[in-house]
Amino acid sequence: MRKLGRGFRWVAVLAALASVAAGCSSSKSATPSSSGVPVKPSRTVTFLVSSTPTVDNLLKMIPQFTQQTGIKVNVVNIGYDAMTQKETLDLRSQTGSYDVFWTEGTFLARYVGQLNGLEPIQEYAATQHVDLGTSDFPQTLLGNFSYNNKLYAMPFENTLMMAASRTDIYKGAGLTPATSLADYLSNVSALNKPPTYGTEIMGQQGEPVFYEWVNWLWGEGGSLFDSSGKPTLNTPEAIKATNDLVTLAKSAPPGVANFSWDQAASSFAQGQVSTAVLFSDQTPGLLDPSNSNVIGKWQYTPFPGTANTAFGGYAWAMNAYSKNKPAALAFIQWATSAKTLAALVPNGSSPPRTSIQNDPSLQAKYPWLKPEGEASSRAVVPISNAAYFDLVDALSTDLNAALTGSKTPEAAMADAQTQWEQILSSS
Amino acid sequence: MQQAAAPDLAPRRRSYAARHREALTGLSFIAPAAGFLLAVMGFPLLYLLRHSMNAEDFANPAGGARFIGLGNYGRVLHTPEFWQSTLTTGKIVVLAVGLEFLLGLGLAMLLQRVLVGRRILVAVMLIPAMMMPIAVGLMWRYMLDDNYGMVAYYLNKVGLTGAGGVFPGSILGTAHTALFSIVLTDVWEWTPFMALILLAGLQSLPLEPYEAAAVDGANAWQEFRRITLPLLRSAITVALLIRIADAMRILDIVFSMTNGGPANATETAQFYTYKTGFEQFHTGLAFAQVVIVASVTIGVCALIFRQVDSDRRHA
């Protein structure tokens, strides 16, 4: 027995030495994959995401990535609210359950500023000698996913707020898409002929009505904060923006005070309205024959005016506590590569890369690309503050109250101002 | 003839030591179960209470967890949104559970008369109660959609909603109709459950009081008022307690139908707590809200128990 035991010990030592040697040799001799990142083929990346039409199309392409790199992708696809909660819980617990996940510019103050949970992706890629091609993305866009001047996520969907209009109705009425807020209001009023309404708005309290409104605030010359960071919601511009929304609601289908982004896009796709401001990640729904009555009868133009517009795009971030960082980086590099993003365009995606947005051959085939490219340069994250959810909740409730008539725009803005001051002083 | 000794009927006096021993033996029997219950229920509750006294934000670990005593409770009780959401919860509970009780009792009495296929009917009726509340909320959200909803279409046709209707605004976009829509959705889902409990109660009632009442010439209303309702008291208490406790926790339907809107008109206490805890991650505040709402729920249930008990003693 003792002899056998000694034998086992030798076998164990030899096995350990062999595994160390194998590990060393594999790390040295691992050939870069087609994505350029040396990775062990057996790695699995866990990807936390919420479904959108473009995300669904990306998920269908994942077998190509696995085939190219040998990296398996475990997709956790859940609802938007549940996703943001899981991300926060995971970053706080520092368990690294998810290697790659969805982030938005508005989340960075929490994910980076408070939880220190995202890997600065550009810096990490540099240590791995990986080129993410960031020079192909507009600077404004990269700025939306940066915190303290460091890039933390690679843009995937360039979700912009675009003015969608029915070309047939506009042509019939002798109108052209608005280039100013006054024109927009005038067009909407002129085209309001129920059952085809002039417009719709995303009026549901929470992020929908906030995103809808903030474009009007900026368009009217207002801002959310002054240069010292004090809220500026009870200004004439903010009240005017709220009044604009109330005016628009009068030319909108019933129930817009409860419309979220999906209902807004659906309303336009069904041909119920002639004009709408839509998030551009809803474009696939407008192109889908099983969903859309307006195929070939609509166009995008940038939101009227020259002021900034709200950016709602999302990007893929790497968990700082991930145990598979090289594989995670390889996945992000593949998912945001020009080849992958270009492959998603025919289904209606909003590619964030300039080379795709400005490609004349693609612009000719996919007419939404050109106006989206024009709108990109002025699309910015509206709030970069860890109290984002508190602020949006408070303001959106008052905006919703103004829309439903339970508060005047003046009272709504005064109340929102008070609440924002309280939130910011206690945070 | 010797007289038999009279049996000693007086209770035997036990010594203090014997009684003490007996109590200890009893305690030793219940100790494992009590310990288990304390560990399973007591620890989480203590944890909840302890953290409800901290100023802590889950998403901000650098902020730490600072003990502030009853500070969170004071802050919650001074927040108008908390009171508004609690009042909304109260309205939903009273309206929904009240309607469920009336409809459920009627349904149970009708079902009691059905002799053929009752089991199938009950099984079919229970389908709504088996569905996930969030799915129920979504389904009704689409059915009540002003533009495409089937129910909204017929409500419009009969002049209840739509331009020129009794309620001209949007169904889910107007405060009172949105609240009532949530009440009706809850009623749709839970009335069959209420009916099932009351049906079980009705089937267990003795026949003798009814036979006696028939002999005395009592009419149907008198039978219902004087016999059925008093005898059904236990089943009614159980049904009401279960539904009140459940309705006070309403969240999913609100989340999927209105997201608390319009202008917080349908925001319930649970939805407000959910927002505080899971969107804004103000953990200490959310824990304090949970303790307050749970205390109110327990208080309401205790009041019902007390009232029923008092009725029984005076009956």
# chains A, B, ... in the order shown; residues from 1 in each chain; ligands from 1
call {"tool": "interface_residues", "arguments": {"of": "chain B", "to": "chain A", "cutoff": "10 Å", "atoms": "only C-alpha atoms", "output": "JSON, numbers by chain"}}
result
{"B": [57, 58, 59, 60, 61, 62, 63, 144, 145, 146, 147, 148, 162, 163, 168, 169, 170, 171, 172, 173, 174, 175, 178, 257, 258, 259, 260, 261, 262, 263, 264, 265, 275, 276, 277, 278, 279, 280, 281, 282]}
call {"tool": "residues_around", "arguments": {"residues": "Gln299 in chain A", "least_positions_apart": "4", "cutoff": "9 Å", "atoms": "only C-alpha atoms", "output": "VMD selection string"}}
result
chain A and resid 163 to 167 367 to 368
call {"tool": "residues_around", "arguments": {"residues": "Phe287 in chain B", "least_positions_apart": "2", "cutoff": "7 Å", "atoms": "only C-alpha atoms", "output": "ChimeraX atom specification"}}
result
/B:48,51-52,283-285,289-291
call {"tool": "closest_residue", "arguments": {"among": "A:Pro409, A:Gly219, A:Gly117, A:Gly133", "to": "Asn308 in chain A", "atoms": "only C-alpha atoms"}}
result
A:Gly219
call {"tool": "residues_around", "arguments": {"residues": "Asn144 in chain A", "least_positions_apart": "2", "cutoff": "12 Å", "atoms": "only C-alpha atoms", "output": "JSON, numbers by chain"}}
result
{"A": [103, 104, 105, 106, 107, 108, 109, 137, 138, 139, 140, 141, 142, 146, 147, 148, 149, 150, 151, 152, 153, 154, 155, 158, 159, 310, 311, 312, 313, 314, 315, 352, 376, 377, 378, 379, 380, 381, 382, 383, 384]}
call {"tool": "select_by_dssp", "arguments": {"residues": "range 182-283 of chain A", "states": "strand (DSSP E or B)", "output": "ChimeraX atom specification"}}
result
/A:193,196-200,225,231,273-279
call {"tool": "write_last_selection", "arguments": {"atoms": "C-alpha atoms", "output": "short mmCIF file (atom, residue, chain, number, x, y, z; two decimals), in the first residue's frame"}}
result
data_model
loop_
_atom_site.label_atom_id
_atom_site.label_comp_id
_atom_site.auth_asym_id
_atom_site.auth_seq_id
_atom_site.Cartn_x
_atom_site.Cartn_y
_atom_site.Cartn_z
CA LYS A 193 -57.35 64.02 -39.10
CA THR A 196 -55.10 59.23 -38.67
CA TYR A 197 -53.74 61.45 -35.95
CA GLY A 198 -51.14 64.18 -36.30
CA THR A 199 -48.64 62.53 -33.96
CA GLU A 200 -48.13 60.41 -30.88
CA PHE A 225 -28.92 71.93 -14.92
CA PRO A 231 -31.56 72.03 -11.54
CA VAL A 273 -50.25 58.71 -36.97
CA SER A 274 -48.53 60.75 -39.66
CA THR A 275 -45.59 62.00 -37.55
CA ALA A 276 -43.75 60.65 -34.54
CA VAL A 277 -40.52 60.93 -32.64
CA LEU A 278 -39.24 57.38 -32.33
CA PHE A 279 -36.21 55.68 -30.89
#
